[in-house]
Structure formats: C-alpha cells, structure tokens
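The structure appears below as structure tokens.
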Amino acid sequence: MDFSKELDFSNKSGDLVAEERLQRLLEGLKSLRQNNDTAAALSILATLICDTLGFGLCVVSVLDCDDLFRTRAVGQNSLYHDRDVFEEYTLPRETFEIIAESGAWYGDVLWLEGSSEVLQDPRVMPYIIVHKPTKPGGPWHPSSLLVSTIYSSQGEITGFISLDDPLSGKIPTTLDFLTLQLCSQVAATLLEVDKLRSASREEMAEITHQRTQIARLLQASSAIGKATQVESVLKTIVNAMGSSGGFQRVVLYLYDDATRELAAVAFFGLNDEDRDRLASNPVPYSSFTELMQPQFKISRSYLYDHSRAGYTPNVISSLSIPLRPDEDIGEDHWQPLDTLTIPLRAENGDLLGVISVDEPENSLIPSLEHIVALECFADQCSYALQRARQNQELTVRASTDPLTGLLNRNASLQEITALIGQASERGEEGALLFMDLDHFKDINDKYGHIVGDNVLEAVGVALRSSLRSGDVVGRYGGEEFVAYLPGQDTASAIKVAEKLRDEISQLVFTPELGTFSPFRVTMTIGLATVSQVVLFTPARLQDSELCNLLIYSADSALYRGKTSGRNRVVPFSN
C-alpha cells in the first residue's frame, strides 16, 4: 500500500485541515446522542462520514441471521448519482471473507486496490459495483474497496462501513483510516444500543404479556368459582386455560382410580376428529407418566421439550399433535411435539387429572413465571372441580331413591313436569306410565321386609335397563313407580308398558330364610298421554298442573286395571 499520501502532521496547513475535519466530525457525532432511532442515527453517521472524509457514497451494512450483509443506511454526497443501487444491496458473508483474505488491513480497515485479482473471482465479481467516478483519472480505481468492519461487544463482525468515489480522486490517507475506524466504533455502539433496546422492548413486552395473562387467569378463577356443575367447570377450565392462559389447544384429562386411566373430557381449540379420537381412547396413566419424568419437571408441572429431550415418548402418538409446515424453528420456540402437562391434585395430594396445553400464542416455550401462574390457576381449578363433584354427589343423593337407585318422587316429578311442559308448548306427544306391584303387601307379610326390599331393588334395575336414556323413571312411593316416555303416543306406550310388565313377571325371587319356594311378582300399569290431557283441558294449565292431571289420569287407568284382575296394561279412557 502506498502511504506516501499520508497526512503530514508536521505540516501546519495539514494539521489545520485535520483539526477542521475532526471538529466537524465531533460536532456531527454530538447530534447522535439524542437520537433514539437507530436507522436515522446510522443514516446521519453515513452522511457525516461522506462530508467529513470527502467521499461520494458511504454505505453501512449489517449482518443478518441468514449470513447476508444488508444495507441499513446510505450517506450520499450531492455529486454522487448511484445511491439507489445500494439500497437493496446484499453481500454474503462467505464472499466478504474471500475479499478480506486478499486485502490489506490497517487496524479494522480493509483496503483493496481495484486491480486486485480477487475482484475477478467469479464468487466475488457479481457483488462488485463499478461506477463512473466523480473525478476520473485519479489514483482511485473505480473497483477499489475501502471497508471498515463493525464489531459486536463479543468481538464478532456484525457489519461494515464501505466508502466509494473520493471526490478528490485520491486514495485514502492514514487519517482517513483512523477517522473511518472511529466511525465504525460509533456505528458498533449504535447497533449495540439498538440490540439492548430491542431486548428491553422484548422483555417489557413479555412482562406485559405475562401480566395480562395473569390478570385474565384471575378473572377466569372468578368465573370458575361461580360454576357449580362438573361439566360447566370442566368447560370453563379449558376455555380459560386457552384464551386466558395463552394456548391454542387444551385438553383436560380426568383420572379414574378404578381403571388407572386418564380420560379426555374437555377440549379447547381441537377439531371434531381429534376430540372424538381422544374422548374414545383413554390413556393408561402408566403411559402418560412418560411425559411426567423428573428431567421434564419445572416447578410442579412437566415441560416435554422435544428438541432437548432426545427421544419421543410413545404416548405422544396418542395425543393431539398440531400440523405445521416445515420451518426453521428457533431454540426457544415451541416445537410441534412439545407439550406442557399441569397436574390437578386434591388437597390431600391425590391426582384428579391433568391439563395438557399446546401451541402457545407467542410460539415461545413458557417461562417459569408463566408456568407458576398456570399452576396457581390449576389449583383453583382443582378446588372448583372437587366442590362441583361434591355438589353433584349431594344432588344425586337428594334426588335418588336409596333402595332402587331410581329417581325419588320429587326428583322424578320435577323432570317429568319440565318434559310435559315442553311437549305441551311444542305440540308434541308423551306418555306417562303409573306402575304398581301386585299384592306387594302380601310379599312383605309372608317373606319379610328384607325380601320385599330385594324385590323393589330388582324391579328398579329392570325398569332402568329396559327404558331409553331419555326416558324418566322413578319410585313414586312404596311399591308404586312412575315413568315418562317423551314422544310416545298411546299405541307405542302400550308396547313399552307390555314389555315392562312381561320383564317384571319373569323375575324370580328365592327367599334365603325359611323353607319358602321361589316366587314371581306381577305389575299392573296404567298409562295416559299428554294429548289426552291437553285435548280435554279448557284452559292453558301450568306445567305442574298438567303433570298432576296426567298422573291422575294414569292412576285412574291403573285403578281400573287393579279392579279388573291385575297384571295388565290399561290405557286411560276419556
């Protein structure tokens, strides 16, 4: 390199030129202090370099994650006309390294003569921009390169500043190199500050996101506290864990201690096919524990991170896995096979179930703070689920006849009243059966009340198993039973009643005490339909009044059956 053009610091006039140049540069750099826009600051710096060093063009390029240097700022002297060429300019890192090996280095500044052979290298030529110089005929070759590297705080190259077209047509001096190196350090500081600002913004955004989710989870906790039915609690849990917890797919599994299986009972964000598949295929708890190994434990939950685990548990194939296109997923990003499992436990530590969440809305692996917030919410869910189950058990006890297992009188009449009201309002049909065991008092007197209770229990089982799931059947009192058959007219109700009567007559009872022989029982059934009652009612009655009238009509038919020989089905006759 020819340094004969270096600035002579012993020369008074040269010293004054240098002082003026540095003074202008320092004054210009002061303006960057108050500029919080990195792109604008780099643009100011590039223009400042052009003006200070007397070049037609200054380009600041930054290395992106795809190993391409891209233009971030362009400074232009008014005499330079090729700026647009550099706006979208990119340079592969490997090409930069080839050039760097062939040039001469002065500190962090690379100088490459335009006549260098490397510029004819096919790997380099496409990236060399040759322009018409502002002052042709000078020592500066149109293909010459003057580049100053920008380093990160870790000592890695993150970009460079390139100068082109000196307005004097001369090659750079030592002072040019020093000044350019100083400006590169300024650019490095700007980029480092931008990186810190970006990290700070991301951190604040994450904190804000977490606070928002926690607030939503608190609101969801209130909603769960108001839910009293098991089904509504389960639905509220998965909806809140999805929309408030920040996940696009949620499945809640309940643990069955008898079968030691986890059954999927509530879903959020799944399609019908996945819902049906999971609901119909309980997962053995022993299989699910593959996702609940100590190495996956975070706080009280289990995060299966597929990229770090090194293997895929067999249970993964039985879960719901989102389909995603092949893409380069970042290290801290959620993978398609990842899953977070949050146990639901009772106050005594017993397992109630697990919540499996997938696909975070922000596509990132949840932080510890996020997981702890989800666990706090899960604790509220466990409490709400236990309370709903207790309420359900109390409701069942209050509405169930303890001997037969059927609905008791009050519960059965409530359900029948509601169904009769719907049928009347919609103009639909329905039939009520009023049933009575024949000579039941004689059974108690002859065989004892224990045998009588056995008879009632067996009759209850027979009635419950013989009727449809939508039918209502209950013990009215003593040896009397009532059933309501939605949608059944007189003819079809008679067929059902005859079937019931026949099945009851087939039951055989063998008293364990005494020398009694096996015996059978019979049943008399009276029936009436909604249309019969509504047809002969002059005014619109309340639902409870319709129910009472229907029972009265069926009971009247039953009485006729009793007085005409028993063990028969008798429809109501107007």
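The way I read the labels, and the way they are meant: chains A, B, ... in the order of the structure tokens, residue 1 as the first residue of every chain, and ligand 1 as the first ligand shown, with later ones counted on from there.
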Residues near Ser301 in chain A, anyone? I mean within 7 Å using only C-alpha atoms, not counting same-chain ones fewer than 5 positions away, as a ChimeraX atom specification. /A:341-343
Extract, using only C-alpha atoms, all DNA, RNA and protein residues at most 12 Å from Leu32 in chain A, discarding same-chain residues fewer than 3 positions from it, and format them as a count of residues only. 23
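For Val62 in chain A, the residues within 9 Å (counting only C-alpha atoms, excluding itself and residues fewer than 6 positions away along the chain) are Leu68, Phe69, Arg70, Thr71, Arg72, Ile150, Thr158, Gly159, Phe160, Ile161 and Leu191 of chain A.
With only C-alpha atoms as the atoms that count, the residue of A:Thr52, A:Leu145, A:Leu500, A:Pro126 with the shortest distance to Glu19 in chain A is A:Thr52.
One distance worth recording is that between CA of Val451 in chain A and CA of Asn410 in chain A, which is 25.7 Å.
Minimum atom-to-atom distance to Arg277 in chain A, evaluated using only C-alpha atoms, belongs to A:Leu319 out of A:Ile237, A:Ile224, A:Pro294, A:Leu319.
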Given the choices A:Asp194, A:Thr515, A:Ser465, A:Val357, which gets closest to Lys446 in chain A if the distance is worked out from only C-alpha atoms? A:Thr515
